[in-house]
Every structure is written in C-alpha cells, then in structure tokens.
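Read the structure below first, then the notes.
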Amino acid sequence: MRTRAVSILAMVAWSLAGAATASADPAITGYPGSIAATGDSITQAYDADSLFPPGVRPQYSWATGSSSKVNSLYLRILAANPAIAGHAFNDAKSGARMVDLNGQLGTAAGQSVDYVTILMGGNDVCQPSEAAMTSVADFTAQYSNAMATLTAASPSTNVYVVSIPNVKTLWSTLKGNAIARFVWAIGGVCQSMLARPLSTAQTDVDRRARVLQREVDFNAALASVCAAYTQCRFDGNAVFNVAFVASDISTRDYFHPSISGQKKLAAVSWSAGYWGP
C-alpha cells in the first residue's frame, strides 16, 4: 500500500533432493527453487527504514528481502534449499490494487517460478474516501481472473495468499500520536479509515466499522477463491490478526511496516504457510 492508500501462497510440489518438509500437505514435498512476490508497497517495503528519501526498500521485504534484519520467506527457504539463491523476484508495485494482480501474476508466470506470494488489497481498502473503496464484487472478480491467468500460464506454480493487515489496528495503535495524525492528514493517508482519527461522533465510528467490514469481506474473498485451487493456500487470516505495535510502523509515513514490522510479517506468514511449525 502506498502512503495514499494503504499483498503467497504457494509452494510447489517439487521434490528437491535432501529437502525436508514441515507440512503435511500431500502436494508439498520440498522447498521451491524460485519465488516471486506480488502485491503493493508493503511487499516493496516502502519506507521500512524511515530514512530519507522516502521510497521502496525491497531488501527489507517480508517475502523476498535479502536483509537478515527481516529474515524473509526467501531467506528462510534459502537456508533449507541453496538452489533458490538468485531466483527471487519482487514483482509488487507501490500503489497497486487488486485490478493490477492479473498483470503481476502474468509477470511471475513468465519468470517460471515455483512459488508465488500474494499480499494485495490494502489499497482497495485505503482510499481517499469510503465511497472510493473497491466493491467486494469487483475485488473478487479481479482476484479470480488473476488466479485463472496464473493457472493457465503456469499450472505447476503454487501460490501463498496472505490476508490484508488490519487497517483499524493501525488507527487504534497510532491515533494518540500527534505526529502520526498530522502526517495522515497532510498526506491524505488512508482517509477511508484514518480521517478524523480522534472523532467519537457516531458517523465516524460507523464509518470505521464499515471500512473494517469491507476488509473482512475482502479477506473472505481471498480465502474462498484460493480454496478453489489445489495449488493455493490462504494464511487463515494470520496476518490480519497480527498484533502490530507502534515500533512495527514506519516513523516516516506512519502507515507502512517498519523493518521490525516486516520481520513480524515474515515470521507470521511463514508460520501460517507450508513450512511453519
């Protein structure tokens, strides 16, 4: 998700020599030899280090990052299967919405990867207004189309779909921070949820509840569509349920995960995935 707006599932059924599996899933017999990450600015680790100038920091990506400070999914797989070295692609784009997933999965299919991660939907929730959010019907159709594209082009690629982080948790965690409120207002950050953050007026309370419900509905769509594919796994809302704290959020935009937030995303998504404990 970008500053103005707030992403897989997968593991391949490859049997790599000497690679043990921590999953009981009969389709998974080893670690993949390549990975592609799709999604938005969260997966690009936008502003993760809170340094100037602002921008993407893909080395800190929870999915494909190279920094030991995060210990991404890629690095965790690399420790078990050195053959994946150099075969990690970050195809996510800052500002992307679900309508953009089709193109990203097409790119991943062209890279002939074994394993694709998806963390998409934050920007469909985080918009300048509640009315501007993507409808559940459009979100579901766009996601279904993207999955069909990947399956047709690369049927052996497994997908790991991660739930959208809870944007209301961001609000509740930082609403008492005056600097965060200033940045949200002047930057127009996720105003569907973050507008008038201290207001207790019923209209604002109701708006936040509706925005949260839209996100819950999006995550339900992610789970439902994924369940239709044998090579797809959903995280069971593990990331949505993450208890982020203030230190997990960038102090540049007060919106994106910090390095510690990316580390937490990597740990939680790994545990809910194919090789978790």
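By convention in this document, the chains of the structure tokens carry letters A, B, ... by their order, each chain's residues are numbered from 1, and ligands are numbered from 1 in the order they are shown.
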As a count of residues only, please: the residues near A:Ala132 (cut-off 12 Å, only C-alpha atoms, same-chain neighbours under 5 positions excluded). 12
Counting only C-alpha atoms, what is within 7 Å of A:Leu198, bar same-chain residues fewer than 2 positions away, as a ChimeraX atom specification? /A:175,196,200
Taking 2 positions as the minimum chain separation for residues in the same chain, which residues sit within 12 Å of A:Ser67 when counting only C-alpha atoms? Answer as a PyMOL selection string. chain A and resi 45+48-49+57-65+69-76+259-260+262-263+266
Requested write-out: N, CA, C and O atoms of the selected residues, as a tab-separated table (two decimals), in the first residue's frame:
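Saved to selection19.tsv:
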```
chain	number	residue	atom	x	y	z
A	45	ALA	N	8.34	-3.02	0.72
A	45	ALA	CA	8.93	-2.48	1.95
A	45	ALA	C	9.10	-0.96	1.88
A	45	ALA	O	10.12	-0.41	2.28
A	48	ALA	N	10.39	1.39	4.92
A	48	ALA	CA	10.61	0.49	6.05
A	48	ALA	C	11.68	1.01	7.01
A	48	ALA	O	11.58	0.81	8.23
A	49	ASP	N	12.71	1.67	6.47
A	49	ASP	CA	13.79	2.14	7.34
A	49	ASP	C	13.60	3.57	7.82
A	49	ASP	O	14.43	4.11	8.56
A	57	ARG	N	12.13	-0.14	-0.31
A	57	ARG	CA	13.33	-0.75	0.27
A	57	ARG	C	13.19	-2.27	0.14
A	57	ARG	O	12.98	-2.98	1.12
A	58	PRO	N	13.25	-2.79	-1.09
A	58	PRO	CA	12.95	-4.21	-1.30
A	58	PRO	C	13.85	-5.17	-0.54
A	58	PRO	O	13.47	-6.33	-0.33
A	59	GLN	N	15.01	-4.70	-0.11
A	59	GLN	CA	15.88	-5.59	0.68
A	59	GLN	C	15.25	-5.97	2.01
A	59	GLN	O	15.63	-6.96	2.64
A	60	TYR	N	14.25	-5.18	2.45
A	60	TYR	CA	13.57	-5.45	3.71
A	60	TYR	C	12.20	-6.11	3.50
A	60	TYR	O	11.43	-6.23	4.45
A	61	SER	N	11.89	-6.53	2.30
A	61	SER	CA	10.60	-7.15	2.03
A	61	SER	C	10.42	-8.43	2.83
A	61	SER	O	11.32	-9.28	2.88
A	62	TRP	N	9.26	-8.57	3.44
A	62	TRP	CA	8.92	-9.78	4.19
A	62	TRP	C	8.96	-11.03	3.32
A	62	TRP	O	9.19	-12.13	3.80
A	63	ALA	N	8.74	-10.86	2.01
A	63	ALA	CA	8.62	-12.00	1.10
A	63	ALA	C	9.95	-12.39	0.45
A	63	ALA	O	10.36	-13.55	0.50
A	64	THR	N	10.61	-11.41	-0.17
A	64	THR	CA	11.79	-11.72	-0.97
A	64	THR	C	13.03	-10.95	-0.55
A	64	THR	O	14.05	-10.97	-1.24
A	65	GLY	N	12.97	-10.24	0.57
A	65	GLY	CA	14.08	-9.40	1.00
A	65	GLY	C	15.36	-10.18	1.28
A	65	GLY	O	15.34	-11.37	1.61
A	69	LYS	N	17.93	-8.67	8.86
A	69	LYS	CA	17.13	-7.98	9.86
A	69	LYS	C	15.65	-8.39	9.78
A	69	LYS	O	14.92	-8.26	10.76
A	70	VAL	N	15.24	-8.86	8.62
A	70	VAL	CA	13.85	-9.27	8.40
A	70	VAL	C	13.70	-10.78	8.38
A	70	VAL	O	12.73	-11.33	8.88
A	71	ASN	N	14.67	-11.47	7.79
A	71	ASN	CA	14.60	-12.93	7.60
A	71	ASN	C	13.35	-13.30	6.82
A	71	ASN	O	12.44	-13.96	7.31
A	72	SER	N	13.32	-12.86	5.58
A	72	SER	CA	12.18	-13.04	4.69
A	72	SER	C	11.88	-14.51	4.41
A	72	SER	O	12.68	-15.40	4.73
A	73	LEU	N	10.76	-14.75	3.74
A	73	LEU	CA	10.44	-16.10	3.31
A	73	LEU	C	11.54	-16.65	2.41
A	73	LEU	O	11.92	-17.82	2.51
A	74	TYR	N	12.05	-15.80	1.52
A	74	TYR	CA	13.12	-16.21	0.63
A	74	TYR	C	14.34	-16.69	1.41
A	74	TYR	O	14.90	-17.76	1.12
A	75	LEU	N	14.76	-15.92	2.43
A	75	LEU	CA	15.94	-16.32	3.19
A	75	LEU	C	15.69	-17.59	3.99
A	75	LEU	O	16.60	-18.42	4.15
A	76	ARG	N	14.47	-17.77	4.47
A	76	ARG	CA	14.16	-18.99	5.21
A	76	ARG	C	14.21	-20.21	4.30
A	76	ARG	O	14.67	-21.28	4.70
A	259	ILE	N	11.03	-1.88	9.64
A	259	ILE	CA	11.82	-3.11	9.50
A	259	ILE	C	11.32	-4.17	10.48
A	259	ILE	O	11.17	-5.34	10.11
A	260	SER	N	11.03	-3.77	11.71
A	260	SER	CA	10.52	-4.75	12.66
A	260	SER	C	9.13	-5.24	12.26
A	260	SER	O	8.78	-6.40	12.51
A	262	GLN	N	8.12	-5.56	9.10
A	262	GLN	CA	8.39	-6.52	8.02
A	262	GLN	C	8.87	-7.85	8.60
A	262	GLN	O	8.47	-8.92	8.12
A	263	LYS	N	9.69	-7.78	9.62
A	263	LYS	CA	10.16	-9.01	10.27
A	263	LYS	C	8.99	-9.78	10.86
A	263	LYS	O	8.92	-11.02	10.76
A	266	ALA	N	7.03	-11.46	8.10
A	266	ALA	CA	7.73	-12.65	7.61
A	266	ALA	C	7.52	-13.82	8.57
A	266	ALA	O	7.22	-14.95	8.14
```
Out of A:Tyr115, A:Phe52, A:Phe255, A:Phe234, which residue has the shortest atom-to-atom distance to A:Val161 when counting only C-alpha atoms?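 Ranking A:Tyr115, A:Phe52, A:Phe255, A:Phe234 by distance to A:Val161, first place goes to A:Phe234.
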Excluding A:Leu212 and any residue of its chain fewer than 5 positions from it, enumerate the residues within 10 Å of it, using only C-alpha atoms, and give them as a list in words.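 Surrounding residues, per the criterion: Val125, Asn166, Val167, Lys168, Thr169, Ser192, Met193, Asp206, Arg207, Asp217 and Phe218 of chain A.
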Generate a file of the selected residues that holds N, CA, C and O atoms, formatted as a PDB file, in the first residue's frame.
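Written output follows (part_0.pdb):
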```
ATOM      1  N   VAL A 125      -8.817  -1.046   0.167  1.00  0.00           N
ATOM      2  CA  VAL A 125      -9.447  -0.568   1.398  1.00  0.00           C
ATOM      3  C   VAL A 125      -9.085   0.885   1.646  1.00  0.00           C
ATOM      4  O   VAL A 125      -9.950   1.725   1.926  1.00  0.00           O
ATOM      5  N   ASN A 166      -4.768  -5.617   9.228  1.00  0.00           N
ATOM      6  CA  ASN A 166      -5.923  -4.918   9.779  1.00  0.00           C
ATOM      7  C   ASN A 166      -5.661  -3.415   9.877  1.00  0.00           C
ATOM      8  O   ASN A 166      -4.893  -2.960  10.728  1.00  0.00           O
ATOM      9  N   VAL A 167      -6.307  -2.639   9.012  1.00  0.00           N
ATOM     10  CA  VAL A 167      -6.065  -1.201   8.978  1.00  0.00           C
ATOM     11  C   VAL A 167      -6.656  -0.506  10.202  1.00  0.00           C
ATOM     12  O   VAL A 167      -6.187   0.558  10.608  1.00  0.00           O
ATOM     13  N   LYS A 168      -7.659  -1.106  10.820  1.00  0.00           N
ATOM     14  CA  LYS A 168      -8.207  -0.495  12.032  1.00  0.00           C
ATOM     15  C   LYS A 168      -7.219  -0.623  13.194  1.00  0.00           C
ATOM     16  O   LYS A 168      -7.185   0.231  14.094  1.00  0.00           O
ATOM     17  N   THR A 169      -6.396  -1.651  13.184  1.00  0.00           N
ATOM     18  CA  THR A 169      -5.350  -1.780  14.189  1.00  0.00           C
ATOM     19  C   THR A 169      -4.347  -0.645  14.053  1.00  0.00           C
ATOM     20  O   THR A 169      -3.858  -0.112  15.062  1.00  0.00           O
ATOM     21  N   SER A 192     -10.165   6.771   4.172  1.00  0.00           N
ATOM     22  CA  SER A 192     -11.352   5.948   4.391  1.00  0.00           C
ATOM     23  C   SER A 192     -11.425   5.494   5.844  1.00  0.00           C
ATOM     24  O   SER A 192     -12.500   5.492   6.454  1.00  0.00           O
ATOM     25  N   MET A 193     -10.271   5.148   6.431  1.00  0.00           N
ATOM     26  CA  MET A 193     -10.216   4.741   7.828  1.00  0.00           C
ATOM     27  C   MET A 193      -9.660   5.834   8.741  1.00  0.00           C
ATOM     28  O   MET A 193     -10.138   6.030   9.853  1.00  0.00           O
ATOM     29  N   ASP A 206     -19.190   4.667  12.882  1.00  0.00           N
ATOM     30  CA  ASP A 206     -19.849   3.776  11.915  1.00  0.00           C
ATOM     31  C   ASP A 206     -19.010   3.617  10.652  1.00  0.00           C
ATOM     32  O   ASP A 206     -18.948   2.517  10.077  1.00  0.00           O
ATOM     33  N   ARG A 207     -18.391   4.705  10.211  1.00  0.00           N
ATOM     34  CA  ARG A 207     -17.546   4.633   9.009  1.00  0.00           C
ATOM     35  C   ARG A 207     -16.394   3.663   9.231  1.00  0.00           C
ATOM     36  O   ARG A 207     -16.113   2.808   8.369  1.00  0.00           O
ATOM     37  N   ASP A 217     -14.493  -8.652   4.453  1.00  0.00           N
ATOM     38  CA  ASP A 217     -15.109  -9.270   3.276  1.00  0.00           C
ATOM     39  C   ASP A 217     -14.059  -9.561   2.196  1.00  0.00           C
ATOM     40  O   ASP A 217     -14.137 -10.595   1.513  1.00  0.00           O
ATOM     41  N   PHE A 218     -13.093  -8.662   2.042  1.00  0.00           N
ATOM     42  CA  PHE A 218     -12.014  -8.914   1.079  1.00  0.00           C
ATOM     43  C   PHE A 218     -11.230 -10.158   1.474  1.00  0.00           C
ATOM     44  O   PHE A 218     -10.914 -11.010   0.630  1.00  0.00           O
TER      45      PHE A 218
END
```
At what distance in Å, to one decimal, does atom CA of A:Ile164 lie from atom CA of A:Met120? 6.8 Å
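Neighbours of A:Ala109 closer than or equal to 7 Å, with only C-alpha atoms counted and sequence neighbours fewer than 6 positions away skipped, come out as Leu150, Ala153 and Ser154 of chain A.
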Selected residue of minimal separation from A:Asn237 among A:Gly30, A:Gly273, A:Pro197, A:Gly86, counting only C-alpha atoms: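 Ranking A:Gly30, A:Gly273, A:Pro197, A:Gly86 by distance to A:Asn237, first place goes to A:Gly273.
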Give the strand (DSSP E) residues of stretch 72-136 of chain A, as DSSP finds them on the backbone, and put them as a list in words.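 Selecting the strand (DSSP E) positions of stretch 72-136 of chain A gives Ala88, Phe89, Asn90, Tyr115, Val116, Thr117, Ile118 and Leu119 of chain A.
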Neighbours of A:Ser269 within 8 Å (only C-alpha atoms; same-chain residues fewer than 5 positions away dropped), as a CSV table (one decimal) with N, CA, C and O atoms, in the first residue's frame?
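And here is the file that came out, out_32.csv:
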```
chain,number,residue,atom,x,y,z
A,162,VAL,N,-1.7,-14.2,1.4
A,162,VAL,CA,-1.6,-13.6,2.7
A,162,VAL,C,-2.8,-12.6,2.9
A,162,VAL,O,-3.1,-11.8,2.0
A,235,ASP,N,-3.6,-17.9,4.3
A,235,ASP,CA,-2.9,-17.9,5.6
A,235,ASP,C,-3.9,-18.0,6.8
A,235,ASP,O,-3.5,-17.9,8.0
A,238,ALA,N,-4.0,-15.1,9.4
A,238,ALA,CA,-2.9,-14.9,10.4
A,238,ALA,C,-2.3,-13.5,10.3
A,238,ALA,O,-2.1,-12.9,11.4
A,239,VAL,N,-2.1,-12.9,9.2
A,239,VAL,CA,-1.6,-11.6,9.1
A,239,VAL,C,-2.6,-10.5,9.5
A,239,VAL,O,-2.3,-9.6,10.2
```
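Between atom CA of A:Ser144 and atom CA of A:Asp114 the interatomic distance comes to 19.9 Å.
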Rounded to one decimal in Å, what is the spacing between atom CA of A:Trp275 and atom CA of A:Asp40? 24.1 Å
Shell around A:Asn90 at 8 Å using only C-alpha atoms, local window under 3 positions removed, as a compact mmCIF listing (two decimals) with all heavy atoms, in the first residue's frame:
```txt
# COMPACT_ATOMS: atom_id res chain seq x y z
N ALA A 36 8.47 -15.65 -6.48
CA ALA A 36 8.08 -14.31 -6.93
C ALA A 36 7.05 -13.76 -5.96
O ALA A 36 6.15 -14.48 -5.53
CB ALA A 36 7.51 -14.35 -8.35
N ALA A 37 7.20 -12.50 -5.61
CA ALA A 37 6.26 -11.84 -4.71
C ALA A 37 5.43 -10.84 -5.48
O ALA A 37 5.96 -10.06 -6.28
CB ALA A 37 7.01 -11.13 -3.59
N THR A 38 4.12 -10.86 -5.25
CA THR A 38 3.23 -9.90 -5.89
C THR A 38 2.49 -9.11 -4.81
O THR A 38 2.33 -9.58 -3.69
CB THR A 38 2.21 -10.60 -6.81
OG1 THR A 38 1.38 -11.47 -6.03
CG2 THR A 38 2.91 -11.40 -7.90
N THR A 43 4.85 -5.10 0.22
CA THR A 43 5.79 -6.11 -0.24
C THR A 43 7.05 -5.49 -0.82
O THR A 43 8.11 -6.13 -0.85
CB THR A 43 5.09 -7.05 -1.25
OG1 THR A 43 3.99 -7.69 -0.59
CG2 THR A 43 6.02 -8.11 -1.80
N GLN A 44 6.98 -4.23 -1.25
CA GLN A 44 8.17 -3.49 -1.68
C GLN A 44 8.88 -2.84 -0.49
O GLN A 44 9.89 -2.17 -0.66
CB GLN A 44 7.79 -2.42 -2.70
CG GLN A 44 7.57 -2.94 -4.12
CD GLN A 44 8.88 -3.27 -4.81
OE1 GLN A 44 9.95 -2.92 -4.36
NE2 GLN A 44 8.78 -3.96 -5.94
N PRO A 58 13.25 -2.79 -1.09
CA PRO A 58 12.95 -4.21 -1.30
C PRO A 58 13.85 -5.17 -0.54
O PRO A 58 13.47 -6.33 -0.33
CB PRO A 58 13.10 -4.38 -2.82
CG PRO A 58 13.94 -3.21 -3.26
CD PRO A 58 13.59 -2.10 -2.34
N THR A 64 10.61 -11.41 -0.17
CA THR A 64 11.79 -11.72 -0.97
C THR A 64 13.03 -10.95 -0.55
O THR A 64 14.05 -10.97 -1.24
CB THR A 64 11.53 -11.43 -2.46
OG1 THR A 64 11.11 -10.07 -2.60
CG2 THR A 64 10.46 -12.35 -3.02
```
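Minimum atom-to-atom distances from A:Ser94, A:Thr140, A:Thr107, A:Ser68 to A:Ser224 were compared using only C-alpha atoms, and the lowest value belongs to A:Thr140.
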Residue with smallest distance to A:Asp253 - pool A:Ala185, A:Thr149, A:Asn158, A:Ala85, counting only C-alpha atoms: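 For A:Asp253, the nearest of the given residues is A:Ala185.
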Please identify the alpha helix (DSSP H) residues within stretch 94-185 of chain A (assignment by DSSP from backbone atoms) and present them as a ChimeraX atom specification. /A:101-110,122-125,136-153,167-174,178-185
